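File shown here: start_17.txt, holding compact mmCIF, C-alpha atoms.
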```txt
# COMPACT_ATOMS: atom_id res chain seq x y z
CA MET A 1 -19.21 10.20 9.33
CA LEU A 2 -16.13 8.75 11.02
CA GLY A 3 -16.65 11.08 13.98
CA ASP A 4 -20.21 9.80 14.38
CA MET A 5 -19.02 6.21 14.21
CA MET A 6 -16.34 6.94 16.82
CA ARG A 7 -18.94 8.41 19.19
CA ARG A 8 -21.17 5.35 18.78
CA LEU A 9 -18.22 3.03 19.39
CA GLY A 10 -17.29 5.01 22.48
CA ASP A 11 -20.84 4.83 23.79
CA GLY A 12 -21.10 1.10 23.15
CA PHE A 13 -17.62 -0.14 23.95
CA GLY A 14 -15.84 2.60 25.85
CA ASP A 15 -12.40 2.51 24.30
CA ILE A 16 -11.94 3.96 20.84
CA PRO A 17 -8.77 2.85 19.05
CA ASP A 18 -6.36 5.82 18.79
CA PRO A 19 -5.80 5.30 15.06
CA LEU A 20 -9.44 6.31 14.43
CA GLY A 21 -8.71 9.79 15.76
CA ARG A 22 -5.60 10.03 13.61
CA ALA A 23 -7.58 8.86 10.58
CA GLU A 24 -10.23 11.48 11.19
CA ARG A 25 -7.60 14.25 11.37
CA ALA A 26 -5.96 13.00 8.16
CA MET A 27 -9.33 12.95 6.40
CA ARG A 28 -9.95 16.56 7.46
CA ASP A 29 -6.52 17.53 6.10
CA ALA A 30 -7.29 15.84 2.78
CA ALA A 31 -10.71 17.49 2.56
CA GLU A 32 -9.17 20.88 3.24
CA ALA A 33 -6.62 20.38 0.45
CA LEU A 34 -9.45 19.45 -1.91
CA ARG A 35 -11.44 22.54 -0.87
CA ARG A 36 -8.39 24.63 -1.76
CA GLN A 37 -8.42 22.88 -5.15
CA GLN A 38 -5.02 21.30 -4.52
CA PRO A 39 -5.67 17.59 -5.04
CA GLY A 40 -1.96 16.74 -5.01
CA GLU A 41 -1.78 17.87 -1.39
CA ALA A 42 -4.64 15.51 -0.49
CA ILE A 43 -2.79 12.33 -1.49
CA ALA A 44 -0.55 11.99 1.57
CA PRO A 45 -3.36 12.63 4.09
CA GLN A 46 -5.63 10.20 2.24
CA THR A 47 -2.94 7.53 2.38
CA GLU A 48 -2.40 8.23 6.07
CA ALA A 49 -6.14 7.98 6.73
CA LEU A 50 -6.32 4.58 5.03
CA ASP A 51 -3.32 3.31 6.96
CA GLN A 52 -4.82 4.49 10.26
CA LEU A 53 -8.21 2.94 9.45
CA GLN A 54 -6.52 -0.40 8.80
CA GLN A 55 -4.65 -0.16 12.09
CA ALA A 56 -7.87 0.80 13.91
CA ALA A 57 -9.69 -2.18 12.41
CA ARG A 58 -6.93 -4.52 13.62
CA GLU A 59 -6.98 -3.00 17.12
CA PHE A 60 -10.77 -3.10 17.29
CA ALA A 61 -10.83 -6.75 16.20
CA GLU A 62 -8.28 -7.63 18.87
CA GLN A 63 -10.27 -5.70 21.46
CA MET A 64 -13.45 -7.57 20.49
CA GLN A 65 -11.67 -10.92 20.65
CA ARG A 66 -10.48 -10.16 24.16
CA ARG A 67 -13.95 -9.05 25.28
CA LEU A 68 -15.87 -11.90 23.69
CA GLY A 69 -13.78 -14.82 24.69
CA GLY A 70 -10.45 -13.97 26.08
CA VAL A 71 -8.83 -15.12 22.84
CA ASN A 72 -5.21 -14.09 22.56
CA PRO A 73 -4.96 -12.23 19.21
CA ALA A 74 -1.30 -13.23 18.90
CA THR A 75 -2.35 -16.87 18.59
CA THR A 76 -5.09 -16.25 16.04
CA ARG A 77 -2.87 -15.29 13.12
CA SER A 78 -3.54 -16.93 9.79
CA GLU A 79 -0.96 -19.67 10.23
CA PRO A 80 -2.18 -23.24 9.82
CA PRO A 81 -2.23 -25.41 12.93
CA THR A 82 0.91 -27.44 13.57
CA ALA A 83 -0.97 -30.72 13.10
CA HIS A 84 -1.76 -29.81 9.50
CA ARG A 85 1.78 -28.93 8.52
CA GLY A 86 3.83 -31.48 6.68
CA SER A 87 6.28 -33.51 8.68
CA GLY A 88 9.05 -32.79 6.21
CA ARG A 89 9.24 -36.43 5.19
CA ALA A 90 8.57 -37.59 1.68
```

Structure encoded using structure tokens:
Amino acid sequence: MLGDMMRRLGDGFGDIPDPLGRAERAMRDAAEALRRQQPGEAIAPQTEALDQLQQAAREFAEQMQRRLGGVNPATTRSEPPTAHRGSGRA
């Protein structure tokens, strides 16, 4: 399923975040361990797949922000605007 999604993303947007490829490989490794009936060996690849999917989501979101409005992802972190911070005075 991830491979299909990657192909659609590539067709629609061109660049596919590298972590998606790494996630797909990790998922295959986990599936192979499960086929061999060795679930303990599937844990590390499953964890790696999740980590790579999170990284891919971040990269894709940044890519979309750049394409849709030239927004600098470094300035869109979840910090409150300076105007809303307390002045430090009581």

Practice task
Pick out the residues sitting within 8 Å of Leu20 in chain A, and hand them over as JSON, numbers by chain; count only C-alpha atoms, and ignore anything fewer than 4 positions along from it in its own chain.
Solution key: {"A": [2, 6, 16, 24, 52, 53, 56]}

Give as a PDB file with C-alpha atoms, in the frame of the given file each residue that has an atom at most 8 Å from (-7.8, -0.9, 24.1) in the file, counting all atoms listed in the file.
```pdb
ATOM      1  CA  ASP A  15     -12.400   2.510  24.300  1.00  0.00           C
ATOM      2  CA  ILE A  16     -11.940   3.960  20.840  1.00  0.00           C
ATOM      3  CA  PRO A  17      -8.770   2.850  19.050  1.00  0.00           C
ATOM      4  CA  GLU A  59      -6.980  -3.000  17.120  1.00  0.00           C
ATOM      5  CA  PHE A  60     -10.770  -3.100  17.290  1.00  0.00           C
ATOM      6  CA  GLN A  63     -10.270  -5.700  21.460  1.00  0.00           C
TER       7      GLN A  63
END
```

Problem - For CA of Ala42 in chain A and CA of Asp29 in chain A, the interatomic separation in Å (one decimal) - result: 7.1 Å

Exercise for the section: Using CA of Gln55 in chain A and CA of Gly40 in chain A as the two end points, give the distance in Å to one decimal. Expected result: 24.2 Å

Exercise for the section: Calculate how many Å separate CA of Leu50 in chain A from CA of Leu68 in chain A, rounding to one decimal. Expected result: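 Going from CA of Leu50 in chain A over to CA of Leu68 in chain A covers 26.7 Å.
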
Neighbours of point (-9.1, 10.5, 7.8) within 7 Å, using only C-alpha atoms, written as a PDB file with C-alpha atoms, in the coordinates of the input:
```
ATOM      1  CA  ARG A  22      -5.600  10.030  13.610  1.00  0.00           C
ATOM      2  CA  ALA A  23      -7.580   8.860  10.580  1.00  0.00           C
ATOM      3  CA  GLU A  24     -10.230  11.480  11.190  1.00  0.00           C
ATOM      4  CA  ARG A  25      -7.600  14.250  11.370  1.00  0.00           C
ATOM      5  CA  ALA A  26      -5.960  13.000   8.160  1.00  0.00           C
ATOM      6  CA  MET A  27      -9.330  12.950   6.400  1.00  0.00           C
ATOM      7  CA  ARG A  28      -9.950  16.560   7.460  1.00  0.00           C
ATOM      8  CA  GLN A  46      -5.630  10.200   2.240  1.00  0.00           C
ATOM      9  CA  ALA A  49      -6.140   7.980   6.730  1.00  0.00           C
TER      10      ALA A  49
END
```

Handout entry: Given all atoms listed in the file as the counted atoms, nearest of A:Pro19, A:Ala30, A:Arg36, A:Gly69 to Asp51 in chain A
Key =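 Between A:Pro19, A:Ala30, A:Arg36, A:Gly69, the residue approaching Asp51 in chain A most closely is A:Pro19.
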
Fill in the blank from the handout: Min atom-atom distance to Glu32 in chain A from the set A:Pro45, A:Asp18, A:Arg67, A:Ala57, counting all atoms listed in the file, belongs to A:Pro45

Output as lines of an AutoDock Vina configuration file the centre and edge lengths (Å, one decimal) of the box along x, y and z of the file that holds every listed atom of range 30-44 of chain A after adding 8 Å on each side.
```
center_x = -6.0
center_y = 18.3
center_z = -1.0
size_x = 26.9
size_y = 28.6
size_z = 24.4
```
